[in-house]
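Encoded as structure tokens, the structure appears first; notes follow it.
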Amino acid sequence: MHRSRYAPAVVAAVALVASLARWALQGSHNVYTAFEKRFYVPDPDVGWRVSPHHPLWIGLEACAVLVALAIGLALLARFTRLRKLLWIPAVLSLALPIAAFASGEAPAGARDTLPPADAVRVEAGIAGALTAPAGHYAVVPHAGTAITAHLKAGGEAFDARFDHDLTGAWDGNPADLHAPSHAEIAVAASAVDTGVGERTKHAREGYLRADTFPRIVVKLDAVTAVREVSPAQLAFRAPATVELIGKTHRVDVTGTLTVPDAAALARLGLTGDVLLVQADFALAIHETALAPDAGDFDGDRLPIHVSLVLRRTP
């Protein structure tokens, strides 16, 4: 009977061991727990898309809480007479590893963060055209539409992703990229999602200051270089401006512009004249309004990937 007083602490220790086993099996070495873990899976049309499967991904901070709980229960068992009450937190601690294992594993071929795009090289000059009509191509809210910044901070690599409240358009002629064109897209700073609730809140309020600077805007006024990759795809380079946290930055954008075929349109669930854009650029942290917080990041640049589904509107 004397030894049974520590049984609640033993249960919490079992929960800790199970949680550490789950953390090791995850293989992500993540510090923070993600209750709906985001994974990227290959997509034939937009490169990578977010998987609809979001398992519970245990972080080291949750394991640290279980360590503290097990020690706390052991101490309380020694000094309190209300030992039956200790079973409540002990049993509840098992819920974390049980829920994590029940939520499943990572999807096949999945990645924790958006894989870096292949480098796009485009020499000077415009050579190539697409078989698509000129006009106003508006951003379509779609699984293939998002802006993703890859970050390294706190010993962990993760994505700050904006995949809703994203608007804008490109006005131009895919068949004649010598002609004048203009693109502008904007996304709500409050739409940021880092995959962890508290981290997302801090990114929204502490870094992006979404209440003061509600929109992030990218503008492009000319295409300076184009080469044909295939009859349905062009690689391009263009200067652009990025409005972020009250400052404007000039960047060099490289990417691809693709006309999806009928099979791709069916997979995307779209009709009409559609263009797919994959583009990349980077911001130097010390040149942005994030400069005072540069020490919080493990690198000096913010690689940003833009994926857009555009459809011509009347």
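To be explicit about the labels: the chains of the structure tokens are called A, B, and onward in the order shown, and within each one the residues are counted from 1, while ligands get numbers from 1 in the order they are shown.
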Write out as a ChimeraX atom specification which residues come within 12 Å of A:Gly72 when counting only C-alpha atoms, dropping same-chain ones fewer than 6 positions away.
-> /A:6,8-10,12-13,65-66,78-80,86,89-90
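These are the residues of stretch 91-183 of chain A assigned alpha helix (DSSP H) by DSSP from backbone coordinates: Val91, Leu92, Ser93, Ala95, Leu96, Pro97, Ile98, Ala99, Ala100, Phe101, Ala102 and Ser103 of chain A.
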C-alpha atoms of the current selection, written as a PDB file, in the first residue's frame:
```pdb
ATOM      1  CA  VAL A  91      -5.119   9.970 -16.229  1.00  0.00           C
ATOM      2  CA  LEU A  92      -5.572  13.136 -18.274  1.00  0.00           C
ATOM      3  CA  SER A  93      -1.860  13.126 -19.128  1.00  0.00           C
ATOM      4  CA  ALA A  95      -4.730  11.733 -23.460  1.00  0.00           C
ATOM      5  CA  LEU A  96      -1.837  13.450 -25.278  1.00  0.00           C
ATOM      6  CA  PRO A  97       0.064  10.387 -26.524  1.00  0.00           C
ATOM      7  CA  ILE A  98      -3.159   8.443 -27.124  1.00  0.00           C
ATOM      8  CA  ALA A  99      -4.579  11.250 -29.269  1.00  0.00           C
ATOM      9  CA  ALA A 100      -1.276  11.659 -31.109  1.00  0.00           C
ATOM     10  CA  PHE A 101      -0.942   7.998 -32.027  1.00  0.00           C
ATOM     11  CA  ALA A 102      -4.642   7.828 -32.942  1.00  0.00           C
ATOM     12  CA  SER A 103      -4.306  10.814 -35.293  1.00  0.00           C
TER      13      SER A 103
END
```
Strand (DSSP E) residues, from DSSP on the backbone, in stretch 243-296 of chain A, as number ranges by chain | A: 243-244, 247-258, 274-284
Near-A:Thr200 list (12 Å; only C-alpha atoms; drop same-chain fewer than 4 positions) as an MDAnalysis selection string = chainID A and resid 32 34 158:162 189:196 204:210
In Å, how far is it from atom CA of A:Leu60 to atom CA of A:Asp163?
-> 27.5 Å
Would you mind listing what lies within 7 Å of A:Ala169 as an MDAnalysis selection string, with only C-alpha atoms counted and same-chain residues fewer than 4 positions away left out?
-> chainID A and resid 136:139 183:185
Mind writing the picked residues with C-alpha atoms as an mmCIF file, in the first residue's frame?
```cif
data_model
loop_
_atom_site.group_PDB
_atom_site.id
_atom_site.type_symbol
_atom_site.label_atom_id
_atom_site.label_comp_id
_atom_site.auth_asym_id
_atom_site.auth_seq_id
_atom_site.Cartn_x
_atom_site.Cartn_y
_atom_site.Cartn_z
ATOM 1 C CA HIS A 136 -7.452 40.597 -66.582
ATOM 2 C CA TYR A 137 -6.439 37.474 -64.676
ATOM 3 C CA ALA A 138 -7.737 37.580 -61.102
ATOM 4 C CA VAL A 139 -6.434 35.539 -58.173
ATOM 5 C CA ALA A 183 0.418 42.610 -61.371
ATOM 6 C CA GLU A 184 -0.585 43.374 -57.818
ATOM 7 C CA ILE A 185 -1.456 40.929 -55.064
#
```
How many Å lie between atom CA of A:Gly144 and atom CA of A:Gly269, rounded to one decimal?
->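 Result for atom CA of A:Gly144 versus atom CA of A:Gly269: 11.0 Å, one decimal.
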